[in-house]
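*Asks:* This is the structure I want to talk about, given as structure tokens.
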Amino acid sequence: MTFDVVISGGRVLDGTGAPPFRADVAISGDRIATVGRIDPAGAGAVIDATGRFVAPGFVDCHAHGDAAVFDPAVQRAALRQGVTTFVLGQDGLSFAPGSAATVAYASRYFAAVNGALTDGPLSVRELLDGYDGAVALNTAYLLPHGTIRYDVMGPSPDRAAPADLDAMVRRVEQGLSEGAVGLSSGLEYLPGRYADAAELAALCAPLGGLPYVTHMRAYGQRAETGMTEVMEIAELSGAAVHVSHLHGPADVLLPLVEQALGKGVDLTFDTYPYLRGNTILAMVVLPPSVPGAEPEAAMEMIGSGVLDDWWPTLDAVWPRLTVSHAPGLEWAEGLTMVAAAERAEVPPAEFCRRLLTETRLEAGVVTARPDEGPQGEQSVRRMLRHPSQTGGSDGIYVGGHPHPRGHGAFARFLGRHVRELGDWTWEQAVTHLSAHPARRFGLLDRGLLRQGCAADVVVFDPATVTDLATYPAPRTLAEGVDDVLVSGVPVLARGELTGATPGRALRP
């Protein structure tokens, strides 16, 4: 037999949890033809994987590449970590489905996270068609609850009326028919914050086994509040649940995870191997009384004296914030809020007000957690060892100084948490990063290296794979992943993009 590509001489990690075994992988078209001892003579191309592992491409369960995925630099950053699929539409906010006004809102409100993609109106089918064949890696899309709510109710904080619920459910049903892989919510963002469990459960009802993915209402020491709501939504709807970026403290979170599993909730979660976060500044510093979904009203409040008693309550927060995205004030990117304020010769609260108003609430920040240090890292390690964990970078690519997780999370999983710390074996890592997430999102022909599966394949060196991105230098590329194929087509060769764009918009 002849094959289009043969990957020879490597050790295969097939995604089933089996230990690595010596085998060649043959690819015909976009499928794996066979795994075993193969004569490469006559193959269209041969990749020598001697001394390296061959694994199914990794699925990033939580990526904010909704607009950025079209950037070849972002594609290269992902592929250099072995990521071949982004799951987009996270945190309840993205570009579809929605009217022109809804798309404009999602673009503006989440500009520091997702960037801006296009003008509306935009359907899920149109969005997926725009990704299909246009980029080097695959995309899958979650229906964003906040976008859908805004499309029906605008920025209203009111409880959804029956007619509103019916309209939102119809949008969910239509989006699923057009290829969405689940429903996401962002219950600390707007307008998702205004929804109650009954509203979310109603929108989960059509999912049919696909997951409800949630940025919960509360994390950290208050995570019980968020997890209680998750369990209520699961009980009301019967939906499978996936919790976003569930890092720590492990002493609080792991008992809650076990409680949910003990009640029969089909629960998974993702984590990334860092202690700091990255989000929009407005979410971190503004009280709930400020209508962030209505920028003109919000900026009027920020510019007035209404919040004079609020700003002093944030004195302990300023040192933990680093400016990641500040259009018009780019000189502040990479500086802490305190350092930027010193350079501007104003107090931190005054600089924060300036940053919010001059960027029209678009500013983004990297946020340090209060428990940063050895205790925090132990929590991250304990969470990622749980069988329900899947890998997600929460990668944000907007701004001059984003979090390094978008350029390093998956390489850090491999280099630090497998090779250095032994939190996973190599075969466990591939299960957590490939097979589990593919199954969670209904991508049943991905995540495994076996005959007939889609040929998304990563070849990496276990001795050298590592992350190099840091908080001071967040866009530094990872090392140790030099060859990647998507749908049987080489997209990364010797660590560089080939220029091919075989990435597909994956439907479940």
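In the structure tokens, each chain is lettered A, B, ... as it comes, each chain's residues begin at 1, and ligands are numbered from 1 in order of appearance.
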Taking only segment 337-440 of chain A into account, list the residues labelled strand (DSSP E or B) by DSSP (computed from the backbone), as a PyMOL selection string.

*Replies:* chain A and resi 364-367+389-391+395-396

*Asks:* Going by DSSP on the backbone, which residues of segment 324-381 of chain A come out as helix (DSSP H, G or I)? List them as a PyMOL selection string.

*Replies:* chain A and resi 330-332+337-344+348-358+374-381

*Asks:* Using only C-alpha atoms, which protein or nucleic acid residues come within 9 Å of segment 440-450 of chain A? Drop anything in the same chain fewer than 4 positions from it, and give the result as a PDB file with N, CA and C atoms, in the first residue's frame.

*Replies:*
```
ATOM      1  N   VAL A  12       4.339   5.766  20.026  1.00  0.00           N
ATOM      2  CA  VAL A  12       2.969   6.244  19.894  1.00  0.00           C
ATOM      3  C   VAL A  12       2.282   6.331  21.254  1.00  0.00           C
ATOM      4  N   LEU A  13       1.682   7.472  21.517  1.00  0.00           N
ATOM      5  CA  LEU A  13       0.759   7.664  22.628  1.00  0.00           C
ATOM      6  C   LEU A  13      -0.615   7.822  21.995  1.00  0.00           C
ATOM      7  N   ASP A  14      -1.427   6.760  22.059  1.00  0.00           N
ATOM      8  CA  ASP A  14      -2.616   6.740  21.192  1.00  0.00           C
ATOM      9  C   ASP A  14      -3.837   7.420  21.789  1.00  0.00           C
ATOM     10  N   GLY A  15      -3.751   7.921  23.036  1.00  0.00           N
ATOM     11  CA  GLY A  15      -4.874   8.622  23.647  1.00  0.00           C
ATOM     12  C   GLY A  15      -5.784   7.748  24.479  1.00  0.00           C
ATOM     13  N   THR A  16      -5.597   6.428  24.440  1.00  0.00           N
ATOM     14  CA  THR A  16      -6.436   5.520  25.215  1.00  0.00           C
ATOM     15  C   THR A  16      -5.963   5.375  26.655  1.00  0.00           C
ATOM     16  N   VAL A  25       2.952   5.513  11.971  1.00  0.00           N
ATOM     17  CA  VAL A  25       1.589   5.971  11.720  1.00  0.00           C
ATOM     18  C   VAL A  25       1.484   6.344  10.249  1.00  0.00           C
ATOM     19  N   ILE A  32      -6.268   8.552   9.524  1.00  0.00           N
ATOM     20  CA  ILE A  32      -5.205   7.617   9.872  1.00  0.00           C
ATOM     21  C   ILE A  32      -5.530   6.283   9.210  1.00  0.00           C
ATOM     22  N   ALA A  33      -4.608   5.805   8.378  1.00  0.00           N
ATOM     23  CA  ALA A  33      -4.837   4.566   7.628  1.00  0.00           C
ATOM     24  C   ALA A  33      -4.504   3.345   8.468  1.00  0.00           C
ATOM     25  N   THR A  34      -3.397   3.430   9.206  1.00  0.00           N
ATOM     26  CA  THR A  34      -3.002   2.300  10.044  1.00  0.00           C
ATOM     27  C   THR A  34      -1.933   2.745  11.021  1.00  0.00           C
ATOM     28  N   VAL A  35      -1.811   2.002  12.103  1.00  0.00           N
ATOM     29  CA  VAL A  35      -0.764   2.208  13.101  1.00  0.00           C
ATOM     30  C   VAL A  35      -0.091   0.862  13.326  1.00  0.00           C
ATOM     31  N   VAL A  54       4.638  10.368  19.286  1.00  0.00           N
ATOM     32  CA  VAL A  54       3.620  10.694  18.293  1.00  0.00           C
ATOM     33  C   VAL A  54       2.265  10.573  18.993  1.00  0.00           C
ATOM     34  N   ALA A  55       1.487  11.633  18.976  1.00  0.00           N
ATOM     35  CA  ALA A  55       0.247  11.675  19.755  1.00  0.00           C
ATOM     36  C   ALA A  55      -0.856  12.352  18.958  1.00  0.00           C
ATOM     37  N   PRO A  56      -2.112  12.119  19.339  1.00  0.00           N
ATOM     38  CA  PRO A  56      -3.203  12.892  18.721  1.00  0.00           C
ATOM     39  C   PRO A  56      -3.087  14.360  19.088  1.00  0.00           C
ATOM     40  N   GLY A  57      -3.486  15.236  18.185  1.00  0.00           N
ATOM     41  CA  GLY A  57      -3.403  16.669  18.452  1.00  0.00           C
ATOM     42  C   GLY A  57      -4.196  17.049  19.686  1.00  0.00           C
ATOM     43  N   PHE A  58      -3.714  18.049  20.397  1.00  0.00           N
ATOM     44  CA  PHE A  58      -4.335  18.465  21.648  1.00  0.00           C
ATOM     45  C   PHE A  58      -5.528  19.386  21.370  1.00  0.00           C
ATOM     46  N   VAL A  59      -6.525  19.273  22.236  1.00  0.00           N
ATOM     47  CA  VAL A  59      -7.742  20.084  22.145  1.00  0.00           C
ATOM     48  C   VAL A  59      -7.712  21.096  23.282  1.00  0.00           C
ATOM     49  N   CYS A  61      -9.508  23.242  25.468  1.00  0.00           N
ATOM     50  CA  CYS A  61     -10.919  23.331  25.865  1.00  0.00           C
ATOM     51  C   CYS A  61     -11.390  24.744  26.126  1.00  0.00           C
ATOM     52  N   VAL A  87     -11.441  25.344  21.199  1.00  0.00           N
ATOM     53  CA  VAL A  87     -12.860  25.426  21.510  1.00  0.00           C
ATOM     54  C   VAL A  87     -13.162  26.886  21.865  1.00  0.00           C
ATOM     55  N   ALA A 140     -13.864  24.694  17.166  1.00  0.00           N
ATOM     56  CA  ALA A 140     -15.193  24.256  17.576  1.00  0.00           C
ATOM     57  C   ALA A 140     -15.806  25.423  18.341  1.00  0.00           C
ATOM     58  N   VAL A 181     -21.046  23.092  19.548  1.00  0.00           N
ATOM     59  CA  VAL A 181     -20.689  21.905  20.335  1.00  0.00           C
ATOM     60  C   VAL A 181     -21.121  22.024  21.792  1.00  0.00           C
ATOM     61  N   GLY A 182     -21.969  22.988  22.116  1.00  0.00           N
ATOM     62  CA  GLY A 182     -22.435  23.163  23.479  1.00  0.00           C
ATOM     63  C   GLY A 182     -22.865  24.589  23.710  1.00  0.00           C
ATOM     64  N   GLY A 209     -26.861  15.982  25.334  1.00  0.00           N
ATOM     65  CA  GLY A 209     -25.594  15.319  25.641  1.00  0.00           C
ATOM     66  C   GLY A 209     -24.380  16.196  25.461  1.00  0.00           C
ATOM     67  N   LEU A 210     -24.507  17.262  24.694  1.00  0.00           N
ATOM     68  CA  LEU A 210     -23.416  18.223  24.586  1.00  0.00           C
ATOM     69  C   LEU A 210     -23.337  19.040  25.880  1.00  0.00           C
ATOM     70  N   PRO A 211     -22.189  19.628  26.194  1.00  0.00           N
ATOM     71  CA  PRO A 211     -22.015  20.203  27.527  1.00  0.00           C
ATOM     72  C   PRO A 211     -22.496  21.641  27.662  1.00  0.00           C
ATOM     73  N   ALA A 240     -24.994  17.645  30.742  1.00  0.00           N
ATOM     74  CA  ALA A 240     -23.599  17.471  31.137  1.00  0.00           C
ATOM     75  C   ALA A 240     -23.003  18.852  31.394  1.00  0.00           C
ATOM     76  N   HIS A 242     -19.468  21.315  32.174  1.00  0.00           N
ATOM     77  CA  HIS A 242     -18.016  21.502  32.139  1.00  0.00           C
ATOM     78  C   HIS A 242     -17.716  22.868  32.757  1.00  0.00           C
ATOM     79  N   THR A 268     -17.097  17.651  34.113  1.00  0.00           N
ATOM     80  CA  THR A 268     -15.669  17.781  33.835  1.00  0.00           C
ATOM     81  C   THR A 268     -15.283  19.238  34.063  1.00  0.00           C
ATOM     82  N   VAL A 430      -1.706  12.755  27.519  1.00  0.00           N
ATOM     83  CA  VAL A 430      -2.384  12.752  26.225  1.00  0.00           C
ATOM     84  C   VAL A 430      -3.874  12.468  26.393  1.00  0.00           C
ATOM     85  N   THR A 431      -4.231  11.656  27.359  1.00  0.00           N
ATOM     86  CA  THR A 431      -5.646  11.419  27.623  1.00  0.00           C
ATOM     87  C   THR A 431      -6.327  12.700  28.098  1.00  0.00           C
ATOM     88  N   LEU A 433      -5.345  15.796  27.599  1.00  0.00           N
ATOM     89  CA  LEU A 433      -5.225  16.906  26.655  1.00  0.00           C
ATOM     90  C   LEU A 433      -5.823  16.606  25.284  1.00  0.00           C
ATOM     91  N   SER A 434      -6.099  15.339  24.990  1.00  0.00           N
ATOM     92  CA  SER A 434      -6.633  14.978  23.666  1.00  0.00           C
ATOM     93  C   SER A 434      -7.952  14.224  23.756  1.00  0.00           C
ATOM     94  N   ALA A 435      -7.899  12.999  24.294  1.00  0.00           N
ATOM     95  CA  ALA A 435      -9.054  12.112  24.226  1.00  0.00           C
ATOM     96  C   ALA A 435     -10.228  12.617  25.051  1.00  0.00           C
ATOM     97  N   HIS A 436      -9.983  13.003  26.313  1.00  0.00           N
ATOM     98  CA  HIS A 436     -11.082  13.472  27.164  1.00  0.00           C
ATOM     99  C   HIS A 436     -11.791  14.690  26.578  1.00  0.00           C
ATOM    100  N   ALA A 454      -9.582  11.005  12.460  1.00  0.00           N
ATOM    101  CA  ALA A 454      -9.020  12.156  11.769  1.00  0.00           C
ATOM    102  C   ALA A 454      -7.538  12.274  12.094  1.00  0.00           C
ATOM    103  N   ALA A 455      -6.764  12.633  11.095  1.00  0.00           N
ATOM    104  CA  ALA A 455      -5.305  12.650  11.240  1.00  0.00           C
ATOM    105  C   ALA A 455      -4.822  14.002  11.754  1.00  0.00           C
ATOM    106  N   ASP A 456      -5.222  14.333  12.980  1.00  0.00           N
ATOM    107  CA  ASP A 456      -4.621  15.451  13.709  1.00  0.00           C
ATOM    108  C   ASP A 456      -3.533  14.843  14.583  1.00  0.00           C
ATOM    109  N   VAL A 457      -2.284  15.145  14.263  1.00  0.00           N
ATOM    110  CA  VAL A 457      -1.164  14.427  14.876  1.00  0.00           C
ATOM    111  C   VAL A 457      -0.084  15.413  15.287  1.00  0.00           C
ATOM    112  N   LEU A 506     -15.251  22.268  13.316  1.00  0.00           N
ATOM    113  CA  LEU A 506     -15.709  20.932  13.684  1.00  0.00           C
ATOM    114  C   LEU A 506     -17.134  20.978  14.230  1.00  0.00           C
ATOM    115  N   ARG A 507     -17.956  20.100  13.718  1.00  0.00           N
ATOM    116  CA  ARG A 507     -19.305  19.928  14.212  1.00  0.00           C
ATOM    117  C   ARG A 507     -19.371  18.606  14.988  1.00  0.00           C
ATOM    118  N   PRO A 508     -20.202  18.524  16.029  1.00  0.00           N
ATOM    119  CA  PRO A 508     -20.254  17.275  16.789  1.00  0.00           C
ATOM    120  C   PRO A 508     -20.983  16.184  16.043  1.00  0.00           C
TER     121      PRO A 508
END
```

*Asks:* Do you have, as a tab-separated table, the list of residues of segment 457-491 of chain A lying at most 10 Å from segment 334-351 of chain A, each with its nearest atom pair and that distance in Å to one decimal, counting only C-alpha atoms and ordered by chain then number?

*Replies:*
```
residue	atom	partner	partner_atom	distance
A:Tyr471	CA	A:Gly334	CA	8.5
A:Pro472	CA	A:Gly334	CA	7.3
A:Ala473	CA	A:Gly334	CA	9.2
A:Pro474	CA	A:Gly334	CA	9.7
```

*Asks:* Residues near Lys263 of chain A, anyone? I mean within 10 Å using only C-alpha atoms, not counting same-chain ones fewer than 5 positions away, as a PDB file with C-alpha atoms, in the first residue's frame.

*Replies:*
```
ATOM      1  CA  MET A 231     -25.527  21.388  40.332  1.00  0.00           C
ATOM      2  CA  GLU A 235     -30.480  18.790  38.061  1.00  0.00           C
ATOM      3  CA  GLU A 258     -16.718  14.962  44.286  1.00  0.00           C
TER       4      GLU A 258
END
```

*Asks:* Give the answer as one residue: which of A:Gly133, A:Gly51, A:Gly248, A:Pro273 has the shortest atom-to-atom distance to Ser393 of chain A, using only C-alpha atoms?

*Replies:*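 Selected residue with least distance to Ser393 of chain A: A:Pro273.
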
*Asks:* Restricting the calculation to only C-alpha atoms: of A:Arg37, A:Arg412, A:Arg381, A:Arg360, which residue gets closest to Leu477 of chain A?

*Replies:*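 Ranking A:Arg37, A:Arg412, A:Arg381, A:Arg360 by distance to Leu477 of chain A, first place goes to A:Arg412.
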
*Asks:* Can you tell me, as a list in words, what residues are no more than 9 Å from Asp132 of chain A when counting only C-alpha atoms, ignoring any on the same chain fewer than 4 positions away?

*Replies:*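 The residues satisfying every condition are Leu127, Leu128, Asn138, Thr139, Thr501, Pro502, Gly503, Arg504, Ala505 and Leu506 of chain A.
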
*Asks:* Limited to C-alpha atoms, could you put the picked residues into a file as a PDB file, in the first residue's frame?

*Replies:*
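What follows is the written file again.pdb:
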```pdb
ATOM      1  CA  LEU A 127     -19.151  32.104  11.681  1.00  0.00           C
ATOM      2  CA  LEU A 128     -18.112  28.464  11.294  1.00  0.00           C
ATOM      3  CA  ASN A 138      -9.466  23.327  13.838  1.00  0.00           C
ATOM      4  CA  THR A 139     -12.138  25.325  15.608  1.00  0.00           C
ATOM      5  CA  THR A 501      -4.767  25.995   6.130  1.00  0.00           C
ATOM      6  CA  PRO A 502      -6.579  22.665   6.456  1.00  0.00           C
ATOM      7  CA  GLY A 503      -8.242  23.604   9.759  1.00  0.00           C
ATOM      8  CA  ARG A 504     -11.896  22.703   9.906  1.00  0.00           C
ATOM      9  CA  ALA A 505     -14.832  24.107  11.797  1.00  0.00           C
ATOM     10  CA  LEU A 506     -15.709  20.932  13.684  1.00  0.00           C
TER      11      LEU A 506
END
```

*Asks:* Could you work out how far atom CA of Arg222 of chain A lies from atom CA of Ser379 of chain A, giving the answer in Å with one decimal?

*Replies:* 15.5 Å

*Asks:* In terms of the shortest atom-to-atom distance over only C-alpha atoms, which of A:Gly452, A:Pro255, A:Gly89, A:Gly42 is closest to Ala180 of chain A?

*Replies:*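 The closest residue to Ala180 of chain A is A:Gly89.
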
*Asks:* In Å, rounded to a single decimal, give me how far atom CA of Val124 of chain A is from atom CA of Tyr272 of chain A.

*Replies:*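 Going from atom CA of Tyr272 of chain A over to atom CA of Val124 of chain A covers 27.4 Å.
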
*Asks:* Write out as a list in words each polymer residue whose atoms come within 10 Å of Gly220 of chain A, counting only C-alpha atoms; drop sequence neighbours fewer than 4 positions from it.

*Replies:*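 Contacts, in chain order: Glu224, Gly226, Leu246, His247, Gly248, Pro249, Ala250, Val252, Leu253, Arg369, Pro370 and Asp371 of chain A.
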
*Asks:* Would you export the selected residues with C-alpha atoms as a CSV table (one decimal), in the first residue's frame, please?

*Replies:*
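File again.csv, as written:
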```csv
chain,number,residue,atom,x,y,z
A,224,GLU,CA,-19.4,26.7,46.8
A,226,GLY,CA,-20.8,28.7,42.0
A,246,LEU,CA,-11.2,25.5,38.1
A,247,HIS,CA,-7.8,26.0,39.6
A,248,GLY,CA,-7.9,26.3,43.4
A,249,PRO,CA,-7.9,26.3,46.3
A,250,ALA,CA,-8.0,22.5,45.9
A,252,VAL,CA,-12.4,23.9,48.6
A,253,LEU,CA,-12.9,22.7,45.1
A,369,ARG,CA,-4.2,35.7,42.9
A,370,PRO,CA,-3.9,36.3,46.6
A,371,ASP,CA,-2.7,32.7,47.1
```
